[in-house]
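Asks: Input target-v4.txt, format and content: compact mmCIF, C-alpha atoms.
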# COMPACT_ATOMS: atom_id res chain seq x y z
CA MET A 1 112.92 109.22 142.88
CA ASP A 2 115.01 107.08 145.23
CA ALA A 3 112.69 105.40 147.75
CA THR A 4 115.33 105.66 150.47
CA ALA A 5 115.76 109.43 150.06
CA PRO A 6 115.37 111.40 153.28
CA VAL A 7 112.08 113.26 153.56
CA TYR A 8 112.31 116.97 154.35
CA SER A 9 109.67 119.64 154.67
CA GLY A 10 109.65 123.42 154.66
CA TRP A 11 112.96 125.21 154.14
CA GLN A 12 114.92 121.98 154.65
CA ALA A 13 113.48 120.59 151.42
CA ARG A 14 115.05 123.50 149.53
CA VAL A 15 118.57 123.25 150.96
CA PRO A 16 120.11 121.64 147.83
CA GLN A 17 118.60 124.34 145.59
CA PHE A 18 119.83 127.09 147.90
CA LEU A 19 123.33 125.61 147.87
CA ALA A 20 123.23 125.33 144.08
CA ILE A 21 122.41 129.03 143.77
CA ILE A 22 125.35 129.95 146.01
CA ILE A 23 127.69 127.71 144.00
CA VAL A 24 126.57 129.11 140.63
CA ALA A 25 126.90 132.69 141.92
CA THR A 26 130.41 131.92 143.19
CA MET A 27 131.36 130.40 139.85
CA VAL A 28 130.14 133.48 137.96
CA TRP A 29 132.10 135.78 140.29
CA SER A 30 135.17 133.55 140.02
CA TYR A 31 135.13 133.68 136.21
CA ILE A 32 135.20 137.48 136.13
CA ASN A 33 138.80 138.59 135.68
CA PRO A 34 140.59 135.66 137.35
CA ALA A 35 144.28 135.93 138.23
CA ASP A 36 145.21 133.40 135.53
CA VAL A 37 142.68 132.14 132.96
CA THR A 38 144.65 128.97 132.21
CA VAL A 39 144.85 128.06 135.89
CA TRP A 40 141.17 128.94 136.32
CA TRP A 41 140.08 126.43 133.69
CA ALA A 42 142.44 123.76 135.01
CA GLU A 43 141.07 124.21 138.52
CA MET A 44 137.41 124.54 137.55
CA ILE A 45 136.91 121.72 135.04
CA PRO A 46 136.80 119.01 137.74
CA ILE A 47 134.67 121.22 139.99
CA MET A 48 132.15 121.88 137.22
CA ALA A 49 132.10 118.15 136.45
CA ILE A 50 131.29 117.31 140.08
CA PHE A 51 128.59 119.97 140.23
CA ALA A 52 127.04 118.82 136.95
CA GLY A 53 127.07 115.24 138.20
CA LEU A 54 125.24 116.19 141.39
CA ILE A 55 122.60 118.06 139.40
CA ALA A 56 122.17 115.24 136.88
CA THR A 57 121.70 112.59 139.58
CA TYR A 58 119.55 114.66 141.96
CA ARG A 59 116.21 113.11 141.00
CA ALA A 60 117.60 109.58 140.80
CA PHE A 61 119.41 109.77 144.13
CA ARG A 62 118.93 112.58 146.62
CA PHE A 63 121.66 112.73 149.23
CA SER A 64 120.90 113.99 152.72
CA ASN A 65 121.14 117.72 153.38
CA THR A 66 124.23 117.05 155.50
CA ALA A 67 125.95 115.38 152.56
CA TYR A 68 125.05 118.25 150.22
CA VAL A 69 126.32 120.86 152.67
CA LEU A 70 129.59 118.98 153.12
CA MET A 71 130.06 118.53 149.38
CA SER A 72 129.34 122.22 148.76
CA VAL A 73 132.25 123.31 150.94
CA LEU A 74 134.81 122.04 148.43
CA LEU A 75 132.93 123.41 145.42
CA ILE A 76 132.82 126.90 146.92
CA MET A 77 136.34 126.93 148.37
CA HIS A 78 137.88 125.55 145.18
CA THR A 79 136.02 128.08 143.06
CA ILE A 80 137.37 130.91 145.20
CA GLY A 81 140.86 129.43 144.96
CA ALA A 82 140.58 129.23 141.18
CA HIS A 83 139.84 132.95 141.00
CA TYR A 84 142.89 134.09 142.94
CA THR A 85 145.06 130.94 142.53
CA PHE A 86 145.31 129.06 145.80
CA ALA A 87 148.62 130.52 146.90
CA ASN A 88 147.24 134.06 146.57
CA VAL A 89 143.79 133.82 148.16
CA PRO A 90 143.46 136.71 150.65
CA PHE A 91 144.05 134.65 153.77
CA ASP A 92 146.60 136.84 155.50
CA TRP A 93 144.57 137.18 158.68
CA VAL A 94 144.91 133.44 159.31
CA THR A 95 148.55 133.36 158.26
CA ASN A 96 149.40 136.28 160.55
CA THR A 97 147.24 135.13 163.46
CA PHE A 98 148.93 131.74 163.65
CA ASP A 99 152.32 132.93 162.37
CA PHE A 100 152.31 130.49 159.47
CA GLU A 101 155.12 130.55 156.92
CA ARG A 102 152.75 130.03 153.97
CA ASN A 103 149.15 130.53 152.87
CA HIS A 104 147.26 127.47 154.12
CA TYR A 105 144.02 128.13 152.26
CA ASP A 106 144.83 125.22 149.95
CA ARG A 107 145.26 122.88 152.93
CA ILE A 108 141.77 123.73 154.18
CA ALA A 109 140.39 123.16 150.69
CA HIS A 110 142.12 119.78 150.59
CA PHE A 111 140.61 118.99 154.00
CA SER A 112 137.17 119.65 152.50
CA VAL A 113 137.86 117.09 149.76
CA GLY A 114 137.62 114.48 152.49
CA PHE A 115 134.04 115.51 153.21
CA TYR A 116 132.99 113.51 150.14
CA ALA A 117 133.64 110.35 152.14
CA TYR A 118 130.34 111.06 153.91
CA ALA A 119 128.41 111.03 150.62
CA ALA A 120 130.25 107.91 149.42
CA ALA A 121 129.37 106.01 152.59
CA GLU A 122 125.79 107.27 152.49
CA LEU A 123 125.37 106.10 148.89
CA LEU A 124 126.65 102.60 149.63
CA VAL A 125 124.50 102.16 152.73
CA ARG A 126 121.27 103.49 151.25
CA LYS A 127 121.72 101.40 148.10
CA GLN A 128 122.45 98.43 150.40
CA TRP A 129 125.69 97.77 148.55
CA ALA A 130 127.63 97.58 151.81
CA ARG A 131 127.21 97.51 155.56
CA PRO A 132 127.95 100.80 157.37
CA VAL A 133 131.45 99.86 158.56
CA THR A 134 132.47 98.58 155.12
CA ALA A 135 130.96 101.68 153.51
CA MET A 136 132.96 103.92 155.82
CA PHE A 137 136.22 102.14 154.99
CA PHE A 138 135.38 102.45 151.29
CA GLY A 139 134.73 106.18 151.75
CA LEU A 140 138.12 106.62 153.42
CA PHE A 141 140.04 104.65 150.80
CA PHE A 142 138.12 106.35 148.00
CA ILE A 143 139.24 109.78 149.22
CA MET A 144 142.82 108.61 149.65
CA ALA A 145 142.85 107.31 146.07
CA VAL A 146 141.36 110.54 144.72
CA ALA A 147 143.90 112.56 146.71
CA ALA A 148 146.81 110.61 145.23
CA ALA A 149 145.39 110.82 141.70
CA TYR A 150 144.92 114.60 141.96
CA GLU A 151 148.51 115.11 143.10
CA ILE A 152 149.68 113.18 140.02
CA ILE A 153 147.48 115.37 137.82
CA GLU A 154 148.91 118.52 139.44
CA TRP A 155 152.45 117.26 138.82
CA GLN A 156 151.78 116.46 135.16
CA PHE A 157 150.04 119.80 134.53
CA ALA A 158 153.00 121.64 136.07
CA VAL A 159 155.42 119.67 133.87
CA ILE A 160 153.42 120.11 130.66
CA GLU A 161 152.28 123.72 131.13
CA GLY A 162 155.41 124.98 132.85
CA GLY A 163 155.97 128.64 133.62
CA ASP A 164 153.91 130.63 136.12
CA ALA A 165 150.69 128.75 135.32
CA GLY A 166 152.31 125.43 136.19
CA ILE A 167 153.70 126.80 139.44
CA GLU A 168 150.40 128.37 140.46
CA PHE A 169 148.42 125.22 139.70
CA LEU A 170 150.89 123.11 141.67
CA GLY A 171 150.58 125.54 144.56
CA SER A 172 153.46 124.08 146.58
CA GLN A 173 154.72 127.50 147.71
CA GLY A 174 158.21 126.09 148.04
CA ASP A 175 157.21 123.21 150.34
CA VAL A 176 158.95 120.00 149.19
CA TRP A 177 156.40 117.93 151.14
CA ASP A 178 153.38 119.77 149.75
CA ALA A 179 151.90 116.75 147.94
CA GLN A 180 152.18 114.53 151.00
CA LYS A 181 150.66 117.18 153.28
CA ASP A 182 147.80 117.74 150.83
CA MET A 183 147.02 114.02 150.80
CA LEU A 184 147.13 113.98 154.61
CA ALA A 185 144.68 116.90 154.72
CA ASP A 186 142.33 115.02 152.37
CA THR A 187 142.54 111.94 154.58
CA LEU A 188 141.95 113.84 157.82
CA GLY A 189 138.91 115.52 156.26
CA ALA A 190 137.56 112.08 155.37
CA VAL A 191 138.09 110.83 158.93
CA VAL A 192 136.17 113.79 160.35
CA ALA A 193 133.34 113.32 157.83
CA LEU A 194 133.10 109.60 158.60
CA VAL A 195 132.99 110.22 162.35
CA LEU A 196 130.05 112.53 161.64
CA PHE A 197 128.50 109.82 159.46
CA ALA A 198 128.90 107.25 162.24
CA PHE A 199 126.84 109.43 164.57
CA SER A 200 124.24 110.35 161.96
CA ARG A 201 120.96 108.58 161.35
CA SER A 202 121.45 108.22 157.60
CA HIS A 203 123.32 104.91 157.95
CA ARG A 204 120.53 103.40 160.06
CA ARG A 205 117.67 103.80 157.61
CA SER A 206 118.40 100.69 155.58
CA TYR A 207 119.43 98.28 158.34
Any chance you could give the structure as structure tokens?
Replies:
Amino acid sequence: MDATAPVYSGWQARVPQFLAIIIVATMVWSYINPADVTVWWAEMIPIMAIFAGLIATYRAFRFSNTAYVLMSVLLIMHTIGAHYTFANVPFDWVTNTFDFERNHYDRIAHFSVGFYAYAAAELLVRKQWARPVTAMFFGLFFIMAVAAAYEIIEWQFAVIEGGDAGIEFLGSQGDVWDAQKDMLADTLGAVVALVLFAFSRSHRRSY
């Protein structure tokens, strides 16, 4: 077990397990009669890979509860989006309330991608691979790189798959600036997560 892992007691010690149960339950629900099976697998393969990675590394490196909660937001939101396809998630109450021209569920999911900057910075600081400020910059640039890479993957899937599946996976909903706005949402999510990290105690344990 990582010697720098935060020590929790009582219900706080079981937060990661509780989150894992919620994520697994959401995945099972999502797999039952999805809107498009091809899109579901395309959306869920990276999510399942992230989840499996967190499980596999849990004993070797236990992130803080804050990091696990933040990382779980994307896993849950993306799994819900995979079930309906992101453009068709029942989100009308938000769209109507704010008089949006499109379903912005995917933008919020992209925003949650940025939350992984917190975990990236925490990992670097606790391993003493970088000072807090450097770790935070790495977390920001890491998310920006992932955001750009994912938009390229979306583009290539849409080109190769074509048809309705390609359109649904791309999820642009007719917005010509969709890719750029998605990357901005990822980046803004990272900024928010890193501000939270800056005020947390997790970056002070090792220095």
Asks: Would you compute the distance between CA of Val39 (chain A) and CA of Val94 (chain A)? Give it in Å to one decimal.
Replies: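 Separation of CA of Val39 (chain A) and CA of Val94 (chain A): 24.0 Å.
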Asks: Of the residues A:Met27, A:Ala56, A:Arg62, A:Ala82, which is the one nearest to Ala13 (chain A), using all atoms listed in the file?
Replies: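 Using all atoms listed in the file, Ala13 (chain A) sits closest to A:Arg62.
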Asks: I'd like the interatomic distance between CA of Tyr68 (chain A) and CA of Pro6 (chain A), to a tenth of an Å.
Replies: 12.2 Å
Asks: Find the residues near region 29-34 of chain A: any atom within 8 Å, counting only C-alpha atoms, skip ones fewer than 3 places away on the same chain, and give them as a ChimeraX atom specification.
Replies: /A:25-26,37,40,79-80,82-84
Asks: Quick one: write out the picked residues with C-alpha atoms as a CSV table (one decimal), keeping the file's coordinate frame?
Replies:
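This is the output file selection-v9.csv:
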chain,number,residue,atom,x,y,z
A,25,ALA,CA,126.9,132.7,141.9
A,26,THR,CA,130.4,131.9,143.2
A,37,VAL,CA,142.7,132.1,133.0
A,40,TRP,CA,141.2,128.9,136.3
A,79,THR,CA,136.0,128.1,143.1
A,80,ILE,CA,137.4,130.9,145.2
A,82,ALA,CA,140.6,129.2,141.2
A,83,HIS,CA,139.8,133.0,141.0
A,84,TYR,CA,142.9,134.1,142.9
Asks: Anything within 7 Å of (148.9, 112.7, 145.5): list those residues as number ranges by chain, counting only C-alpha atoms and sticking to the file's coordinates.
Replies: A: 147-152, 179-180, 183
Asks: What does the structure give for the distance between CA of Leu19 (chain A) and CA of Phe61 (chain A), in Å to one decimal?
Replies: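 Distance between the two atoms: 16.7 Å.
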Asks: Residues within 12 Å of Val195 (chain A), please, as an mmCIF file with C-alpha atoms, keeping the file's coordinate frame. Count all atoms listed in the file; anything in the same chain fewer than 3 positions from it doesn't count.
Replies:
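Just written: part.cif:
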data_model
loop_
_atom_site.group_PDB
_atom_site.id
_atom_site.type_symbol
_atom_site.label_atom_id
_atom_site.label_comp_id
_atom_site.auth_asym_id
_atom_site.auth_seq_id
_atom_site.Cartn_x
_atom_site.Cartn_y
_atom_site.Cartn_z
ATOM 1 C CA GLY A 114 137.620 114.480 152.490
ATOM 2 C CA PHE A 115 134.040 115.510 153.210
ATOM 3 C CA ALA A 117 133.640 110.350 152.140
ATOM 4 C CA TYR A 118 130.340 111.060 153.910
ATOM 5 C CA ALA A 121 129.370 106.010 152.590
ATOM 6 C CA PRO A 132 127.950 100.800 157.370
ATOM 7 C CA VAL A 133 131.450 99.860 158.560
ATOM 8 C CA MET A 136 132.960 103.920 155.820
ATOM 9 C CA PHE A 137 136.220 102.140 154.990
ATOM 10 C CA GLY A 139 134.730 106.180 151.750
ATOM 11 C CA LEU A 140 138.120 106.620 153.420
ATOM 12 C CA LEU A 188 141.950 113.840 157.820
ATOM 13 C CA GLY A 189 138.910 115.520 156.260
ATOM 14 C CA ALA A 190 137.560 112.080 155.370
ATOM 15 C CA VAL A 191 138.090 110.830 158.930
ATOM 16 C CA VAL A 192 136.170 113.790 160.350
ATOM 17 C CA ALA A 198 128.900 107.250 162.240
ATOM 18 C CA PHE A 199 126.840 109.430 164.570
ATOM 19 C CA SER A 200 124.240 110.350 161.960
ATOM 20 C CA HIS A 203 123.320 104.910 157.950
#
Asks: Which one is closest to Leu123 (chain A): A:Leu184, A:Ile153, A:Ala60, A:Val73? Count all atoms listed in the file.
Replies: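 Using all atoms listed in the file, the shortest distance to Leu123 (chain A) belongs to A:Ala60.
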Asks: For Asn65 (chain A), which residue out of A:Ile45, A:Ala5, A:Val15, A:Ile160 is the nearest one, using only C-alpha atoms?
Replies: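 Under the stated criterion, the closest residue is A:Val15.
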Asks: Pick the closest to Asp36 (chain A) from A:Trp11, A:Tyr58, A:Phe86, A:Phe142: which is it, counting only C-alpha atoms?
Replies: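 Nearest candidate to Asp36 (chain A) out of A:Trp11, A:Tyr58, A:Phe86, A:Phe142: A:Phe86.
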